[in-house]
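Asks: First the structure, which I've put down as structure tokens, then a few questions once you've had a look.
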Amino acid sequence: QAQLVESGGGLVQAGGSLELNCTASGFTLGPSTVAWFRQPPGKEREFVAAREWRNRFSYYEDSVKGRFTISRNSAKNQVYLSMTNLKLEDTAVYYCAVHRTQYTDFSYRDQATYAYWGQGTQVTVFT
């Protein structure tokens with residue numbers, strides 16, 4: 001059974017750092033583009049970052065550029081999101097996702113492009 005499980009969320013003071021982890025089981029991440037999305041309180045879920053299937057390029061939403069880094073470890077079948085200089089507006093439930101089509105990063109910002117989703121992990125930034 002294909003499954004994604006996120007971990008690493010929690011409470012963090014503004015300006016602090018967190019690293020989220022997403023572990024896949026039941027399938028291999030290797031040939032797929034992976035991404036992180038988030039859903040702030042009372043808002044729609046939005047794109048945060050993606051790492052394309054060749055593991056050469058990353059894409060970021062403008063507000064997190066320079067602060068967040070997405071990475072992947074194919075050997076461990078894991079995806080990471082390193083978050084630094086966290087801001088109040090980063091408070092959200094964070095989800096990892098895997099592209100529904102292998103060997104492509106087509107429409108990487110579009111949620112409908114992703115077939116597998118984790119259950120989410122809460123990140124709360126406070127002052």
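By convention here, the chains of the structure tokens are called A, B, ... in the order presented, each chain's residues are numbered starting at 1, and ligands are numbered starting at 1 in the order presented.
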Using only C-alpha atoms, what table do you get, as CSV, when you list each residue of region 70-100 of chain A with an atom no more than 7 Å from region 30-42 of chain A, its nearest pair of atoms, and their distance in Å rounded to one decimal, rows by chain then rising number?
Replies:
residue,atom,partner,partner_atom,distance
A:Ser74,CA,A:Gly30,CA,5.6
A:Thr91,CA,A:Pro40,CA,6.0
A:Ala92,CA,A:Pro40,CA,4.0
A:Val93,CA,A:Gln39,CA,5.2
A:Tyr94,CA,A:Arg38,CA,4.3
A:Tyr95,CA,A:Phe37,CA,5.2
A:Cys96,CA,A:Trp36,CA,4.4
A:Ala97,CA,A:Ala35,CA,5.2
A:Val98,CA,A:Val34,CA,4.6
A:His99,CA,A:Thr33,CA,5.3
Asks: I need the chosen residues saved as a compact mmCIF listing (two decimals), in the first residue's frame, with N, CA and C atoms.
Replies:
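So the final result, stored in result28.txt, reads:
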# COMPACT_ATOMS: atom_id res chain seq x y z
N SER A 74 16.99 9.40 -2.33
CA SER A 74 16.34 8.26 -2.99
C SER A 74 16.64 6.95 -2.27
N THR A 91 2.91 29.61 9.29
CA THR A 91 2.06 28.71 10.06
C THR A 91 1.05 28.02 9.15
N ALA A 92 1.05 26.69 9.17
CA ALA A 92 0.20 25.93 8.26
C ALA A 92 0.35 24.44 8.55
N VAL A 93 -0.52 23.67 7.94
CA VAL A 93 -0.31 22.23 7.86
C VAL A 93 0.47 21.97 6.57
N TYR A 94 1.56 21.26 6.69
CA TYR A 94 2.44 21.00 5.54
C TYR A 94 2.25 19.56 5.07
N TYR A 95 2.11 19.43 3.75
CA TYR A 95 1.88 18.13 3.13
C TYR A 95 2.97 17.83 2.10
N CYS A 96 3.42 16.61 2.07
CA CYS A 96 4.27 16.20 0.96
C CYS A 96 3.41 15.47 -0.06
N ALA A 97 3.87 15.49 -1.30
CA ALA A 97 3.09 14.92 -2.39
C ALA A 97 4.03 14.38 -3.46
N VAL A 98 3.54 13.40 -4.19
CA VAL A 98 4.31 12.77 -5.27
C VAL A 98 3.52 12.88 -6.57
N HIS A 99 4.23 13.33 -7.62
CA HIS A 99 3.64 13.54 -8.94
C HIS A 99 3.02 12.24 -9.46
Asks: Could you give me the residues within chain A that DSSP places in helix (DSSP H, G or I), as a PyMOL selection string?
Replies: chain A and resi 62-64+88-90+111-113
Asks: Need to verify the contact set: Gly26 (chain A), 8 Å, only C-alpha atoms, exclusion of same-chain residues closer than 5 positions in sequence. Can you return it as an mmCIF file with C-alpha atoms, in the first residue's frame?
Replies:
data_model
loop_
_atom_site.group_PDB
_atom_site.id
_atom_site.type_symbol
_atom_site.label_atom_id
_atom_site.label_comp_id
_atom_site.auth_asym_id
_atom_site.auth_seq_id
_atom_site.Cartn_x
_atom_site.Cartn_y
_atom_site.Cartn_z
ATOM 1 C CA GLN A 1 0.000 0.000 0.000
ATOM 2 C CA ALA A 2 1.468 3.328 -1.087
ATOM 3 C CA GLN A 3 1.844 5.729 1.802
#
Asks: Under the rule that only C-alpha atoms are counted, which of A:Glu89, A:Gly118, A:Arg56, A:Thr69 is the nearest residue to Ala14 (chain A)?
Replies: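 Among A:Glu89, A:Gly118, A:Arg56, A:Thr69, it is A:Glu89 that comes nearest to Ala14 (chain A).
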Asks: From the set A:Gly66, A:Phe57, A:Thr104, A:Lys87, which residue has the shortest atom-to-atom contact distance to Leu11 (chain A), counting only C-alpha atoms?
Replies: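 Looking only at the distances to Leu11 (chain A), the closest residue turns out to be A:Lys87.
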Asks: Excluding Arg72 (chain A) and any residue of its chain fewer than 6 positions from it, enumerate the residues within 8 Å of it, using only C-alpha atoms, and give them as a ChimeraX atom specification.
Replies: /A:51,55,78-80
Asks: Need the shell around Leu4 (chain A): protein/DNA/RNA residues with any atom at most 8 Å away, counting only C-alpha atoms. Skip same-chain ones fewer than 4 positions apart. Format as a compact mmCIF listing (two decimals) with all heavy atoms, in the first residue's frame?
Replies:
# COMPACT_ATOMS: atom_id res chain seq x y z
N CYS A 22 9.52 13.53 5.03
CA CYS A 22 8.43 12.77 4.43
C CYS A 22 9.00 11.42 3.98
O CYS A 22 9.93 11.38 3.17
CB CYS A 22 7.86 13.51 3.24
SG CYS A 22 6.62 12.60 2.30
N THR A 23 8.45 10.34 4.53
CA THR A 23 8.92 9.00 4.20
C THR A 23 7.88 8.27 3.38
O THR A 23 6.71 8.21 3.78
CB THR A 23 9.22 8.21 5.48
OG1 THR A 23 10.24 8.90 6.22
CG2 THR A 23 9.73 6.81 5.14
N ALA A 24 8.30 7.73 2.26
CA ALA A 24 7.40 6.97 1.39
C ALA A 24 7.57 5.48 1.66
O ALA A 24 8.68 5.00 1.89
CB ALA A 24 7.70 7.26 -0.07
N SER A 25 6.47 4.76 1.59
CA SER A 25 6.51 3.30 1.70
C SER A 25 5.53 2.71 0.69
O SER A 25 4.55 3.35 0.32
CB SER A 25 6.17 2.85 3.12
OG SER A 25 4.87 3.28 3.49
N CYS A 96 3.42 16.61 2.07
CA CYS A 96 4.27 16.20 0.96
C CYS A 96 3.41 15.47 -0.06
O CYS A 96 2.36 14.91 0.28
CB CYS A 96 5.45 15.34 1.42
SG CYS A 96 5.02 13.74 2.09
N ALA A 97 3.87 15.49 -1.30
CA ALA A 97 3.09 14.92 -2.39
C ALA A 97 4.03 14.38 -3.46
O ALA A 97 5.15 14.87 -3.62
CB ALA A 97 2.16 15.96 -2.97
N TYR A 116 -0.18 11.09 -4.80
CA TYR A 116 0.00 10.60 -3.43
C TYR A 116 0.21 11.79 -2.49
O TYR A 116 0.98 12.70 -2.80
CB TYR A 116 1.21 9.67 -3.33
CG TYR A 116 1.11 8.47 -4.23
CD1 TYR A 116 1.87 8.39 -5.39
CD2 TYR A 116 0.26 7.42 -3.93
CE1 TYR A 116 1.78 7.30 -6.23
CE2 TYR A 116 0.17 6.32 -4.76
CZ TYR A 116 0.94 6.26 -5.90
OH TYR A 116 0.85 5.18 -6.73
N TRP A 117 -0.44 11.71 -1.34
CA TRP A 117 -0.36 12.78 -0.35
C TRP A 117 -0.17 12.18 1.03
O TRP A 117 -0.73 11.12 1.35
CB TRP A 117 -1.64 13.60 -0.35
CG TRP A 117 -1.84 14.41 -1.58
CD1 TRP A 117 -2.39 13.98 -2.75
CD2 TRP A 117 -1.49 15.78 -1.77
NE1 TRP A 117 -2.40 15.01 -3.66
CE2 TRP A 117 -1.85 16.13 -3.08
CE3 TRP A 117 -0.90 16.75 -0.96
CZ2 TRP A 117 -1.63 17.40 -3.61
CZ3 TRP A 117 -0.70 18.01 -1.48
CH2 TRP A 117 -1.06 18.32 -2.78
N GLY A 118 0.59 12.90 1.86
CA GLY A 118 0.69 12.52 3.25
C GLY A 118 -0.48 13.10 4.03
O GLY A 118 -1.33 13.81 3.48
N GLN A 119 -0.49 12.81 5.33
CA GLN A 119 -1.59 13.25 6.18
C GLN A 119 -1.38 14.68 6.69
O GLN A 119 -2.31 15.29 7.22
CB GLN A 119 -1.75 12.29 7.37
CG GLN A 119 -0.81 12.53 8.55
CD GLN A 119 0.64 12.17 8.27
OE1 GLN A 119 0.96 11.55 7.25
NE2 GLN A 119 1.53 12.58 9.16
Asks: Choose the residue, out of A:Gly16, A:Tyr59, A:Glu46, A:Asn73, that has the smallest atom-to-atom separation from Asp105 (chain A); count only C-alpha atoms.
Replies: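 Of A:Gly16, A:Tyr59, A:Glu46, A:Asn73, the one nearest Asp105 (chain A), counting only C-alpha atoms, is A:Tyr59.
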Asks: For the atom pair CA of Gly15 (chain A) and CA of Thr84 (chain A), what is the interatomic distance in Å to one decimal place?
Replies: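 These atoms are spaced 7.0 Å apart.
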Asks: Grab the CA of Leu18 (chain A) to CA of Lys65 (chain A) distance for me, in Å with one decimal place.
Replies: 15.4 Å
Asks: Pick out the closest residue to Ala50 (chain A) from this set: A:Tyr108, A:Phe126, A:Tyr103, A:Phe68. Count only C-alpha atoms.
Replies: A:Tyr108
Asks: For the structure I just gave you, how does DSSP split chain A - specifically, which residues are strand (DSSP E or B)? Reply as an MDAnalysis selection string.
Replies: chainID A and resid 3:7 10:13 18:25 34:39 46:51 58:60 68:73 78:83 92:99 114:117 121:126
Asks: Just to confirm, what's the straight-line distance from CA of Leu29 (chain A) to CA of Val64 (chain A) in Å (one decimal)?
Replies: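 Computing it gives 23.7 Å between the two atoms.
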Asks: When distances are computed from only C-alpha atoms, which of A:Arg109, A:Lys76, A:Lys43, A:Arg67 shows the smallest separation from Ser17 (chain A)?
Replies: A:Arg67
Asks: Which residues are close to Gly8 (chain A), i.e. within 7 Å by only C-alpha atoms, leaving aside same-chain residues fewer than 4 positions away? Reply as a list of chain:residue names.
Replies: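 Listed by chain and then number, they are A:Glu19, A:Leu20, A:Asn21.
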Asks: Would you mind exporting N, CA and C atoms of the selected residues as a PDB file, in the first residue's frame?
Replies:
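That gives us part-v3.pdb:
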ATOM      1  N   GLU A  19      12.977  21.253  10.294  1.00  0.00           N
ATOM      2  CA  GLU A  19      13.121  20.409   9.114  1.00  0.00           C
ATOM      3  C   GLU A  19      12.003  19.379   9.107  1.00  0.00           C
ATOM      4  N   LEU A  20      11.264  19.355   8.023  1.00  0.00           N
ATOM      5  CA  LEU A  20      10.204  18.377   7.835  1.00  0.00           C
ATOM      6  C   LEU A  20      10.753  17.184   7.063  1.00  0.00           C
ATOM      7  N   ASN A  21      10.214  16.039   7.384  1.00  0.00           N
ATOM      8  CA  ASN A  21      10.622  14.787   6.757  1.00  0.00           C
ATOM      9  C   ASN A  21       9.382  14.096   6.201  1.00  0.00           C
TER      10      ASN A  21
END
Asks: Pick out the closest residue to Thr113 (chain A) from this set: A:Glu61, A:Phe47, A:Thr101, A:Ala75. Count only C-alpha atoms.
Replies: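 Going through A:Glu61, A:Phe47, A:Thr101, A:Ala75 one by one, the smallest distance to Thr113 (chain A) is for A:Thr101.
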